[in-house]
file input_18.cif (mmCIF, C-alpha atoms and all ligand atoms)
data_final
loop_
_atom_site.label_atom_id
_atom_site.label_comp_id
_atom_site.auth_asym_id
_atom_site.auth_seq_id
_atom_site.Cartn_x
_atom_site.Cartn_y
_atom_site.Cartn_z
CA MET Z 268 42.22 -11.54 24.03
CA SER Z 269 45.32 -12.95 22.44
CA GLY Z 270 45.79 -16.69 22.67
CA ASP Z 271 48.81 -18.95 22.55
CA HIS Z 272 48.33 -19.99 18.88
CA SER Z 273 48.49 -23.69 19.77
CA ASP Z 274 45.12 -24.21 18.10
CA PRO Z 275 44.45 -21.02 16.16
CA LEU Z 276 41.20 -20.26 14.37
CA LEU Z 277 43.19 -19.35 11.26
CA ALA Z 278 46.71 -20.54 10.47
CA VAL Z 279 48.52 -19.30 7.36
CA GLU Z 280 51.87 -20.80 6.39
CA ASP Z 281 54.19 -19.60 3.63
CA LEU Z 282 51.35 -18.26 1.46
CA ARG Z 283 52.46 -17.23 -2.01
CA THR Z 284 50.38 -15.46 -4.66
CA LEU Z 285 51.67 -14.19 -8.00
CA ILE Z 286 50.02 -11.54 -10.13
CA ARG Z 287 50.80 -11.81 -13.81
CA ALA Z 288 50.62 -8.59 -15.81
CA ASP Z 289 51.90 -7.36 -19.17
CA ARG Z 290 54.82 -5.69 -17.42
CA GLY Z 291 55.83 -8.91 -15.71
CA THR Z 292 54.99 -11.10 -12.75
CA VAL Z 293 54.72 -9.61 -9.27
CA ARG Z 294 55.20 -11.65 -6.10
CA ALA Z 295 52.19 -10.00 -4.47
CA VAL Z 296 52.20 -12.36 -1.48
CA ASP Z 297 55.62 -13.81 -0.90
CA GLY Z 298 55.89 -16.33 1.92
CA VAL Z 299 53.41 -14.90 4.40
CA SER Z 300 52.78 -16.76 7.68
CA PHE Z 301 50.59 -15.75 10.62
CA ALA Z 302 47.77 -16.96 12.85
CA VAL Z 303 44.55 -15.52 14.25
CA ASP Z 304 43.06 -16.91 17.43
CA ARG Z 305 39.44 -16.94 18.48
CA GLY Z 306 38.64 -13.61 20.09
CA GLU Z 307 41.80 -12.04 18.70
CA ALA Z 308 42.19 -9.06 16.37
CA VAL Z 309 45.22 -9.08 14.08
CA CYS Z 310 45.89 -6.01 11.98
CA LEU Z 311 47.81 -5.81 8.70
CA VAL Z 312 49.42 -2.42 8.09
CA GLY Z 313 51.54 -1.21 5.21
CA GLU Z 314 51.31 1.04 2.19
CA SER Z 315 49.00 0.36 -0.77
CA GLY Z 316 50.45 -2.37 -2.95
CA SER Z 317 52.27 -4.05 -0.07
CA GLY Z 318 50.12 -7.17 -0.45
CA LYS Z 319 47.63 -6.76 2.40
CA SER Z 320 44.43 -7.04 0.36
CA VAL Z 321 45.79 -9.80 -1.91
CA THR Z 322 46.80 -11.75 1.21
CA CYS Z 323 43.29 -11.49 2.63
CA GLU Z 324 41.65 -12.35 -0.69
CA SER Z 325 43.95 -15.34 -1.13
CA LEU Z 326 42.83 -16.93 2.15
CA THR Z 327 39.41 -17.99 0.87
CA GLY Z 328 40.42 -18.01 -2.80
CA ILE Z 329 38.42 -14.94 -3.82
CA VAL Z 330 41.42 -13.18 -5.34
CA PRO Z 331 40.66 -12.94 -9.10
CA GLN Z 332 42.45 -15.81 -10.84
CA PRO Z 333 43.73 -14.78 -13.37
CA PRO Z 334 45.55 -12.41 -13.18
CA ALA Z 335 46.42 -13.75 -9.73
CA GLU Z 336 47.60 -17.29 -9.04
CA ILE Z 337 47.99 -18.79 -5.59
CA VAL Z 338 51.12 -20.86 -6.04
CA GLY Z 339 51.97 -22.10 -2.58
CA GLY Z 340 51.37 -22.29 1.13
CA SER Z 341 48.67 -23.56 3.42
CA VAL Z 342 45.59 -21.91 4.92
CA THR Z 343 43.85 -23.78 7.73
CA PHE Z 344 40.60 -22.46 9.19
CA ASP Z 345 39.22 -24.21 12.27
CA GLY Z 346 41.02 -27.38 11.19
CA ILE Z 347 39.76 -27.16 7.58
CA ASP Z 348 42.32 -27.00 4.77
CA LEU Z 349 41.05 -24.06 2.72
CA ARG Z 350 43.45 -24.80 -0.14
CA ALA Z 351 42.42 -28.44 -0.58
CA ALA Z 352 40.70 -29.13 -3.92
CA ASP Z 353 37.77 -30.88 -2.21
CA THR Z 354 37.06 -28.11 0.32
CA ASP Z 355 33.80 -26.26 -0.42
CA ARG Z 356 35.15 -22.75 0.13
CA SER Z 357 31.92 -21.12 -1.03
CA ALA Z 358 30.06 -22.80 1.85
CA ILE Z 359 32.56 -21.37 4.33
CA ARG Z 360 32.68 -17.87 2.86
CA GLY Z 361 29.83 -15.78 4.19
CA ALA Z 362 28.69 -18.42 6.66
CA ARG Z 363 31.83 -18.85 8.75
CA ILE Z 364 34.19 -16.27 7.27
CA GLY Z 365 32.73 -12.81 6.61
CA HIS Z 366 34.55 -10.46 4.27
CA VAL Z 367 34.29 -6.67 4.15
CA PHE Z 368 35.82 -5.35 0.97
CA GLN Z 369 37.52 -2.00 0.60
CA ASN Z 370 34.96 -1.18 -2.09
CA PRO Z 371 31.54 -1.89 -0.54
CA GLN Z 372 29.94 -2.23 -3.99
CA HIS Z 373 31.71 -5.63 -4.18
CA ALA Z 374 29.31 -6.91 -1.54
CA LEU Z 375 26.11 -5.20 -2.68
CA ASP Z 376 23.82 -6.28 -5.49
CA PRO Z 377 22.21 -3.18 -7.07
CA VAL Z 378 19.10 -5.15 -8.09
CA TYR Z 379 17.95 -6.06 -4.56
CA SER Z 380 17.09 -3.96 -1.51
CA VAL Z 381 19.65 -4.10 1.29
CA GLY Z 382 16.99 -5.76 3.44
CA ASP Z 383 16.52 -8.55 0.91
CA GLN Z 384 20.29 -9.04 0.74
CA LEU Z 385 20.60 -9.14 4.52
CA VAL Z 386 17.67 -11.53 4.91
CA GLU Z 387 19.20 -13.79 2.28
CA ALA Z 388 22.60 -13.71 4.02
CA ILE Z 389 20.95 -14.57 7.33
CA THR Z 390 18.61 -17.33 6.09
CA ILE Z 391 21.16 -19.03 3.84
CA HIS Z 392 23.40 -19.67 6.79
CA ARG Z 393 20.99 -19.88 9.75
CA GLU Z 394 17.69 -21.69 10.19
CA VAL Z 395 15.40 -18.76 10.95
CA ASP Z 396 12.10 -17.71 9.38
CA GLU Z 397 11.97 -14.64 7.16
CA ALA Z 398 10.26 -12.39 9.73
CA THR Z 399 12.94 -13.14 12.30
CA ALA Z 400 15.64 -12.59 9.69
CA ARG Z 401 14.13 -9.22 8.76
CA GLU Z 402 14.10 -8.19 12.42
CA ARG Z 403 17.72 -9.20 12.68
CA ALA Z 404 18.51 -7.28 9.47
CA ILE Z 405 17.01 -4.09 10.92
CA ASP Z 406 18.86 -4.64 14.19
CA LEU Z 407 22.15 -5.12 12.33
CA LEU Z 408 21.64 -1.98 10.25
CA GLY Z 409 21.03 -0.03 13.45
CA ARG Z 410 24.10 -1.52 15.10
CA VAL Z 411 26.39 -0.47 12.21
CA GLY Z 412 25.02 3.07 12.42
CA ILE Z 413 22.33 3.32 9.74
CA PRO Z 414 19.79 5.88 11.01
CA ARG Z 415 16.09 4.96 10.72
CA ALA Z 416 17.06 1.38 9.99
CA ALA Z 417 13.45 0.14 9.98
CA GLN Z 418 12.67 2.46 7.06
CA ARG Z 419 15.95 2.19 5.23
CA VAL Z 420 15.95 -1.60 5.21
CA ASP Z 421 13.86 -1.51 2.02
CA ASP Z 422 16.15 0.94 0.19
CA TYR Z 423 18.45 -0.12 -2.64
CA PRO Z 424 22.25 0.20 -2.57
CA HIS Z 425 22.29 3.26 -4.86
CA GLU Z 426 20.20 5.12 -2.28
CA PHE Z 427 23.05 4.94 0.24
CA SER Z 428 26.11 7.22 0.33
CA GLY Z 429 29.58 5.66 0.14
CA GLY Z 430 29.99 5.64 3.92
CA MET Z 431 26.49 4.24 4.44
CA ALA Z 432 27.09 1.54 1.80
CA GLN Z 433 30.26 0.58 3.66
CA ARG Z 434 28.26 0.15 6.86
CA VAL Z 435 25.67 -1.94 5.02
CA ALA Z 436 28.52 -4.12 3.70
CA VAL Z 437 29.75 -4.61 7.28
CA ALA Z 438 26.21 -5.63 8.31
CA ILE Z 439 26.02 -8.17 5.47
CA ALA Z 440 29.43 -9.61 6.42
CA LEU Z 441 28.24 -10.02 10.02
CA ALA Z 442 24.77 -11.32 9.11
CA ALA Z 443 25.64 -14.99 9.49
CA GLU Z 444 27.57 -14.43 12.73
CA PRO Z 445 30.89 -15.52 11.24
CA ASP Z 446 33.66 -17.10 13.30
CA LEU Z 447 36.19 -14.95 11.45
CA LEU Z 448 35.73 -11.49 9.95
CA ILE Z 449 38.21 -10.29 7.34
CA ALA Z 450 37.74 -6.54 7.05
CA ASP Z 451 39.58 -4.35 4.55
CA GLU Z 452 39.36 -0.70 5.63
CA PRO Z 453 35.89 -1.07 7.22
CA THR Z 454 35.91 2.40 8.76
CA THR Z 455 37.45 4.53 6.01
CA ALA Z 456 34.47 6.57 4.84
CA VAL Z 457 32.68 7.06 8.13
CA ASP Z 458 32.78 9.91 10.64
CA VAL Z 459 34.34 9.47 14.07
CA THR Z 460 31.01 8.88 15.80
CA VAL Z 461 30.09 6.02 13.48
CA GLN Z 462 33.68 4.76 13.63
CA ALA Z 463 33.41 4.56 17.43
CA ARG Z 464 30.13 2.66 17.08
CA LEU Z 465 31.67 0.17 14.65
CA ILE Z 466 34.67 -0.30 16.92
CA ASP Z 467 32.33 -1.00 19.86
CA LEU Z 468 30.40 -3.49 17.74
CA LEU Z 469 33.58 -5.30 16.68
CA ARG Z 470 34.94 -5.30 20.24
CA GLY Z 471 31.74 -6.95 21.44
CA LEU Z 472 32.03 -9.62 18.75
CA LEU Z 473 35.68 -10.20 19.68
CA ASP Z 474 34.60 -10.67 23.29
CA ASP Z 475 32.13 -13.28 22.03
CA GLY Z 476 34.99 -15.19 20.38
CA MET Z 477 34.99 -13.95 16.78
CA GLY Z 478 38.43 -13.64 15.20
CA LEU Z 479 39.23 -10.47 13.25
CA LEU Z 480 41.77 -9.90 10.51
CA LEU Z 481 41.80 -6.20 9.85
CA ILE Z 482 43.40 -3.96 7.23
CA THR Z 483 43.46 -0.27 8.01
CA HIS Z 484 45.61 2.82 7.52
CA ASP Z 485 44.06 4.36 10.61
CA LEU Z 486 46.36 3.88 13.58
CA ARG Z 487 43.63 4.86 15.99
CA VAL Z 488 41.55 1.95 14.77
CA VAL Z 489 44.60 -0.29 15.14
CA ALA Z 490 45.14 0.96 18.69
CA ALA Z 491 41.47 0.54 19.55
CA LEU Z 492 41.03 -2.97 18.18
CA ALA Z 493 44.22 -4.88 17.44
CA ASP Z 494 45.92 -7.34 19.73
CA ARG Z 495 48.75 -7.92 17.29
CA VAL Z 496 50.13 -6.06 14.28
CA LEU Z 497 51.71 -7.44 11.11
CA VAL Z 498 53.63 -4.91 9.04
CA MET Z 499 53.78 -5.76 5.33
CA PHE Z 500 56.17 -4.51 2.67
CA GLY Z 501 56.73 -5.92 -0.81
CA GLY Z 502 54.45 -8.92 -0.27
CA THR Z 503 56.17 -10.04 2.92
CA ILE Z 504 55.67 -9.46 6.63
CA VAL Z 505 58.67 -7.50 7.89
CA GLU Z 506 57.64 -6.97 11.51
CA ARG Z 507 55.15 -8.61 13.84
CA GLY Z 508 54.25 -8.26 17.48
CA PRO Z 509 51.77 -7.07 20.09
CA VAL Z 510 50.32 -3.70 19.14
CA GLU Z 511 51.83 -1.96 22.19
CA ALA Z 512 55.32 -3.28 21.42
CA VAL Z 513 55.23 -2.36 17.72
CA PHE Z 514 53.79 1.09 18.39
CA ASP Z 515 56.22 1.78 21.22
CA ARG Z 516 59.37 0.28 19.70
CA PRO Z 517 58.99 0.06 15.90
CA ALA Z 518 61.92 -2.16 15.02
CA HIS Z 519 62.10 -2.62 11.25
CA PRO Z 520 63.39 0.36 9.24
CA TYR Z 521 60.30 0.11 7.01
CA THR Z 522 57.95 0.26 10.00
CA GLN Z 523 59.89 3.29 11.18
CA ALA Z 524 59.54 4.96 7.76
CA LEU Z 525 55.83 4.10 7.71
CA PHE Z 526 55.26 5.50 11.18
CA ASP Z 527 57.24 8.62 10.28
CA SER Z 528 54.46 9.29 7.76
CA TYR Z 529 51.88 9.30 10.53
CA ASP Z 530 50.58 12.82 11.05
CA GLY Z 531 49.64 12.26 14.67
CA THR Z 532 45.94 12.48 14.03
CA THR Z 533 44.48 9.73 11.92
CA ARG Z 534 45.86 7.92 8.92
CA LEU Z 535 49.21 6.66 7.78
CA ALA Z 536 50.22 8.62 4.69
CA GLU Z 537 50.73 6.85 1.41
CA ARG Z 538 54.36 6.37 0.50
CA PRO Z 539 55.45 6.73 -3.13
CA SER Z 540 54.81 3.58 -5.11
CA ARG Z 541 57.77 1.91 -6.74
CA ASP Z 542 58.00 -0.13 -9.92
CA GLU Z 543 60.42 -2.77 -8.78
CA LEU Z 544 61.85 -4.14 -5.59
CA PRO Z 545 65.17 -5.95 -5.27
CA ALA Z 546 64.73 -9.50 -6.55
CA ASP Z 547 66.69 -11.03 -3.69
CA GLY Z 548 67.72 -10.28 -0.15
CA CYS Z 549 65.81 -7.66 1.82
CA ARG Z 550 63.04 -6.11 -0.28
CA PHE Z 551 63.48 -2.81 1.53
CA ARG Z 552 67.19 -2.42 1.05
CA ALA Z 553 67.03 0.10 -1.85
CA GLU Z 554 65.40 2.56 0.55
CA CYS Z 555 66.91 1.47 3.83
CA PRO Z 556 69.27 3.95 5.50
CA HIS Z 557 70.95 1.12 7.42
CA ALA Z 558 71.54 -1.36 4.56
CA VAL Z 559 74.81 -3.32 4.68
CA GLU Z 560 76.36 -5.88 2.37
CA SER Z 561 74.68 -8.85 4.03
CA CYS Z 562 71.22 -7.41 3.27
CA ALA Z 563 71.67 -8.44 -0.39
CA GLY Z 564 71.42 -11.94 -1.85
CA GLY Z 565 69.40 -14.96 -0.84
CA GLU Z 566 65.97 -14.80 0.72
CA GLN Z 567 64.27 -12.06 2.72
CA PRO Z 568 66.07 -12.03 6.10
CA GLY Z 569 64.52 -14.33 8.70
CA PHE Z 570 62.72 -13.08 11.78
CA HIS Z 571 64.77 -12.15 14.83
CA THR Z 572 63.38 -11.35 18.27
CA VAL Z 573 63.28 -7.67 19.13
CA GLY Z 574 64.39 -6.98 22.67
CA ASP Z 575 66.92 -8.37 25.05
CA GLY Z 576 66.73 -11.99 23.94
CA ALA Z 577 64.56 -12.91 26.91
CA SER Z 578 61.53 -11.29 25.29
CA THR Z 579 58.62 -13.67 24.89
CA ASP Z 580 55.98 -11.31 23.53
CA GLY Z 581 56.52 -12.39 19.92
CA HIS Z 582 57.84 -9.02 18.79
CA ALA Z 583 60.17 -9.82 15.88
CA ALA Z 584 61.58 -8.15 12.78
CA SER Z 585 62.83 -9.48 9.45
CA CYS Z 586 66.08 -7.54 9.52
CA VAL Z 587 69.71 -8.61 9.85
CA TYR Z 588 70.39 -6.03 12.55
CA TYR Z 589 68.41 -8.06 15.09
CA GLY Z 590 70.57 -11.12 14.45
CA ASP Z 591 73.91 -11.99 16.03
CA GLY Z 592 76.84 -9.71 15.33
CA TYR Z 593 74.90 -6.48 14.83
CA ASP Z 594 74.06 -3.64 17.16
CA ALA Z 595 70.26 -3.48 16.95
CA GLU Z 596 70.35 -0.33 19.05
CA VAL Z 597 71.53 1.52 15.91
CA ILE Z 598 68.14 0.87 14.36
CA GLN Z 599 65.99 0.73 17.45
CA SER Z 600 67.03 4.21 18.52
CA ALA Z 601 65.97 5.59 15.12
CA GLY Z 602 62.34 4.54 15.58
CA ARG Z 603 59.63 6.97 16.54
CA ALA Z 604 56.97 5.63 18.88
CA VAL Z 605 53.43 6.28 17.70
CA GLN Z 606 51.74 4.80 20.73
CA GLN Z 607 50.97 8.08 22.39
CA SER Z 608 49.61 9.93 19.37
CA ALA Z 609 47.65 6.94 18.06
CA THR Z 610 46.01 6.30 21.39
CA GLY Z 611 45.74 9.99 22.35
CA ASP Z 612 42.54 10.92 24.07
CA ASP Z 613 41.65 14.08 22.21
CA ASP Z 614 38.00 13.88 21.42
CA ASP Z 615 37.58 14.27 17.68
S1 LIG H 1 67.81 -6.27 6.42
FE1 LIG H 1 69.20 -4.62 5.82
S2 LIG H 1 68.15 -3.49 4.18
FE2 LIG H 1 66.64 -4.77 5.24
S3 LIG H 1 65.72 -3.46 6.74
FE3 LIG H 1 67.38 -4.54 7.78
S4 LIG H 1 69.19 -3.21 7.57
FE4 LIG H 1 67.62 -2.48 6.11
#
call {"tool": "encode", "arguments": {"input": "input_18.cif", "output": "C-alpha cells", "more": "lines below"}}
Ligand code: SF4
result
Amino acid sequence: MSGDHSDPLLAVEDLRTLIRADRGTVRAVDGVSFAVDRGEAVCLVGESGSGKSVTCESLTGIVPQPPAEIVGGSVTFDGIDLRAADTDRSAIRGARIGHVFQNPQHALDPVYSVGDQLVEAITIHREVDEATARERAIDLLGRVGIPRAAQRVDDYPHEFSGGMAQRVAVAIALAAEPDLLIADEPTTAVDVTVQARLIDLLRGLLDDGMGLLLITHDLRVVAALADRVLVMFGGTIVERGPVEAVFDRPAHPYTQALFDSYDGTTRLAERPSRDELPADGCRFRAECPHAVESCAGGEQPGFHTVGDGASTDGHAASCVYYGDGYDAEVIQSAGRAVQQSATGDDDD
C-alpha cells in the first residue's frame, strides 16, 4: 500500500503549533514533517500530550485558535496549500478530508437525528437525492456496526451509547467518501467484534485509494492497519518507519520506553505526564538512560537511518546514537520487539 512519496496525498513540512496558557507557552507541535500517500495508512503513536491530536487538528486548521496558534510550516493536500489564506479549508473538510474526533460528541449535533446528519453530510458533498442519501446513510450505519440500522437511523445522538456514538461519528466522517481520513482513536470504546468490522471497513477504503492518518494507543489496531508508524514525544517525531521495522527493532529510547509499557494484550499504557521538557537539545534526555553530553544544546537531534547504512526502508530515529561516532547497538539491543504480541493471533 505504501507509495514512494514523490506525489503524496498529504505532505506536512516543519509544522509548528504553539499553545498559550497561563502557565506559559507550550510547543505542542514542534517541527513535524511527514507524508501520507493514497491508499496508505500512517499511524501516530505516543503518550497523551505528545502532540498527536494537535498535529492532526492543525492540518485543516480546526485546532482552537486561541489558545493554539499555528506559527509555521506547510500542509499540502492533493496539491492544495491548506495554510494559504485564500484556501477554502471548510470546503475541503468533510468533503475531501474526513475527521473522526476522540470525543464523538464533537461531530454530532444533539438537535438532529443521526440520519438527518448523515444525509446532510452526504448531500452537501455529493449530488444525490435525499432518498438515495438516506439509503446510503443506513448502509453506512450498518457497515460501522450499528445494529438495526434502518430503525436507528432516526434516533438522536443521546440515544446512542459512547461506543455507538463513536461509530456514528466514523460513519459521518466517511459519508462524503473522503480522499483522506484523519481518525483520532476511532476504535477506543468498541468491543473486539466491532473493532474488527471497523478495521475491515477501513482496509477496504484503503484498498480503494483513501489515505488514513490514524491515532491510536492500541498496537493491535496499528499492526492491523498501519503501513508506517510515526512515534511522537514532546511535540516532535522521534522515530519513523515501516510498522514491521519499528515494532521489530524499536530504535529510539522513547519508543523503547513506550513499548515497554505495552502489556502484550491491547493498549499502550499512559506514561506519567511531565510539566516541562528540556528547552533545547533532545526533548527526551531528562528521562533517557543513554543520554550523553552531546544530547544537550541546539535543536532536537536530526534523523539518522536505523540499520546498517544500506537500509532503504525509511526507518530512522532522532537520536545521536544513530549518527557517526556512536555505537547504535548499545541502544538497539535495549529495545523490546512488540511485533509478536501486537500481531498475536489469540482470538479475543
Ligand atoms: S539523543 Fe541522547 S537523550 Fe535523546 S534519545 Fe538519543 S541518547 Fe537519549
call {"tool": "residues_near_ligand", "arguments": {"input": "input_18.cif", "ligand": "ligand LIG 1 (chain H)", "cutoff": "12 Å", "atoms": "only C-alpha atoms and all ligand atoms", "output": "number ranges by chain"}}
result
Z: 500-501, 503-506, 517-524, 544-545, 547-571, 584-590, 593-599
call {"tool": "closest_residue", "arguments": {"input": "input_18.cif", "among": "Z:Gly318, Z:Ala490, Z:Val312, Z:Gln332", "to": "Z:Ala288", "atoms": "all atoms listed in the file"}}
result
Z:Gln332
call {"tool": "residues_around", "arguments": {"input": "input_18.cif", "residues": "stretch 362-367 of chain Z", "least_positions_apart": "4", "cutoff": "9 Å", "atoms": "all atoms listed in the file", "output": "NGL selection string"}}
result
:Z and (323-324 or 327 or 357-358 or 371 or 373-374 or 388-389 or 391-393 or 433 or 436-437 or 439-453)
call {"tool": "residues_around", "arguments": {"input": "input_18.cif", "residues": "Z:Leu311", "least_positions_apart": "2", "cutoff": "6 Å", "atoms": "all atoms listed in the file", "output": "compact mmCIF listing (two decimals) with C-alpha atoms, in the coordinates of the input"}}
result
# COMPACT_ATOMS: atom_id res chain seq x y z
CA ILE Z 482 43.40 -3.96 7.23
CA LEU Z 497 51.71 -7.44 11.11
CA VAL Z 498 53.63 -4.91 9.04
call {"tool": "closest_residue", "arguments": {"input": "input_18.cif", "among": "Z:Glu336, Z:Glu280, Z:Asp494, Z:Asp406", "to": "Z:Val293", "atoms": "all atoms listed in the file"}}
result
Z:Glu336
call {"tool": "atom_distance", "arguments": {"input": "input_18.cif", "atom1": "atom CA of Z:Ser380", "atom2": "atom CA of Z:Asp421"}}
result
5.4 Å
call {"tool": "atom_distance", "arguments": {"input": "input_18.cif", "atom1": "atom CA of Z:Gly476", "atom2": "atom CA of Z:Ala493"}}
result
14.1 Å
call {"tool": "closest_residue", "arguments": {"input": "input_18.cif", "among": "Z:Ala400, Z:Val309, Z:Leu525, Z:Leu492", "to": "Z:Ile466", "atoms": "only C-alpha atoms"}}
result
Z:Leu492
call {"tool": "closest_residue", "arguments": {"input": "input_18.cif", "among": "Z:Gly346, Z:Gly361, Z:Gly339, Z:Gly409", "to": "Z:Glu387", "atoms": "all atoms listed in the file"}}
result
Z:Gly361
call {"tool": "closest_residue", "arguments": {"input": "input_18.cif", "among": "Z:Glu397, Z:Asp580, Z:Asp281, Z:Asp515", "to": "Z:Val299", "atoms": "all atoms listed in the file"}}
result
Z:Asp281
call {"tool": "closest_residue", "arguments": {"input": "input_18.cif", "among": "Z:Tyr379, Z:Val510, Z:Ala601, Z:Ala432", "to": "Z:Cys310", "atoms": "all atoms listed in the file"}}
result
Z:Val510
call {"tool": "atom_distance", "arguments": {"input": "input_18.cif", "atom1": "atom CA of Z:Thr455", "atom2": "atom CA of Z:Asp485"}}
result
8.1 Å
call {"tool": "residues_around", "arguments": {"input": "input_18.cif", "residues": "Z:Val303", "least_positions_apart": "2", "cutoff": "7 Å", "atoms": "all atoms listed in the file", "output": "mmCIF file with C-alpha atoms, keeping the file's coordinate frame"}}
result
data_model
loop_
_atom_site.group_PDB
_atom_site.id
_atom_site.type_symbol
_atom_site.label_atom_id
_atom_site.label_comp_id
_atom_site.auth_asym_id
_atom_site.auth_seq_id
_atom_site.Cartn_x
_atom_site.Cartn_y
_atom_site.Cartn_z
ATOM 1 C CA PRO Z 275 44.450 -21.020 16.160
ATOM 2 C CA LEU Z 276 41.200 -20.260 14.370
ATOM 3 C CA LEU Z 277 43.190 -19.350 11.260
ATOM 4 C CA ALA Z 278 46.710 -20.540 10.470
ATOM 5 C CA ARG Z 305 39.440 -16.940 18.480
ATOM 6 C CA GLU Z 307 41.800 -12.040 18.700
ATOM 7 C CA VAL Z 309 45.220 -9.080 14.080
ATOM 8 C CA GLY Z 478 38.430 -13.640 15.200
#
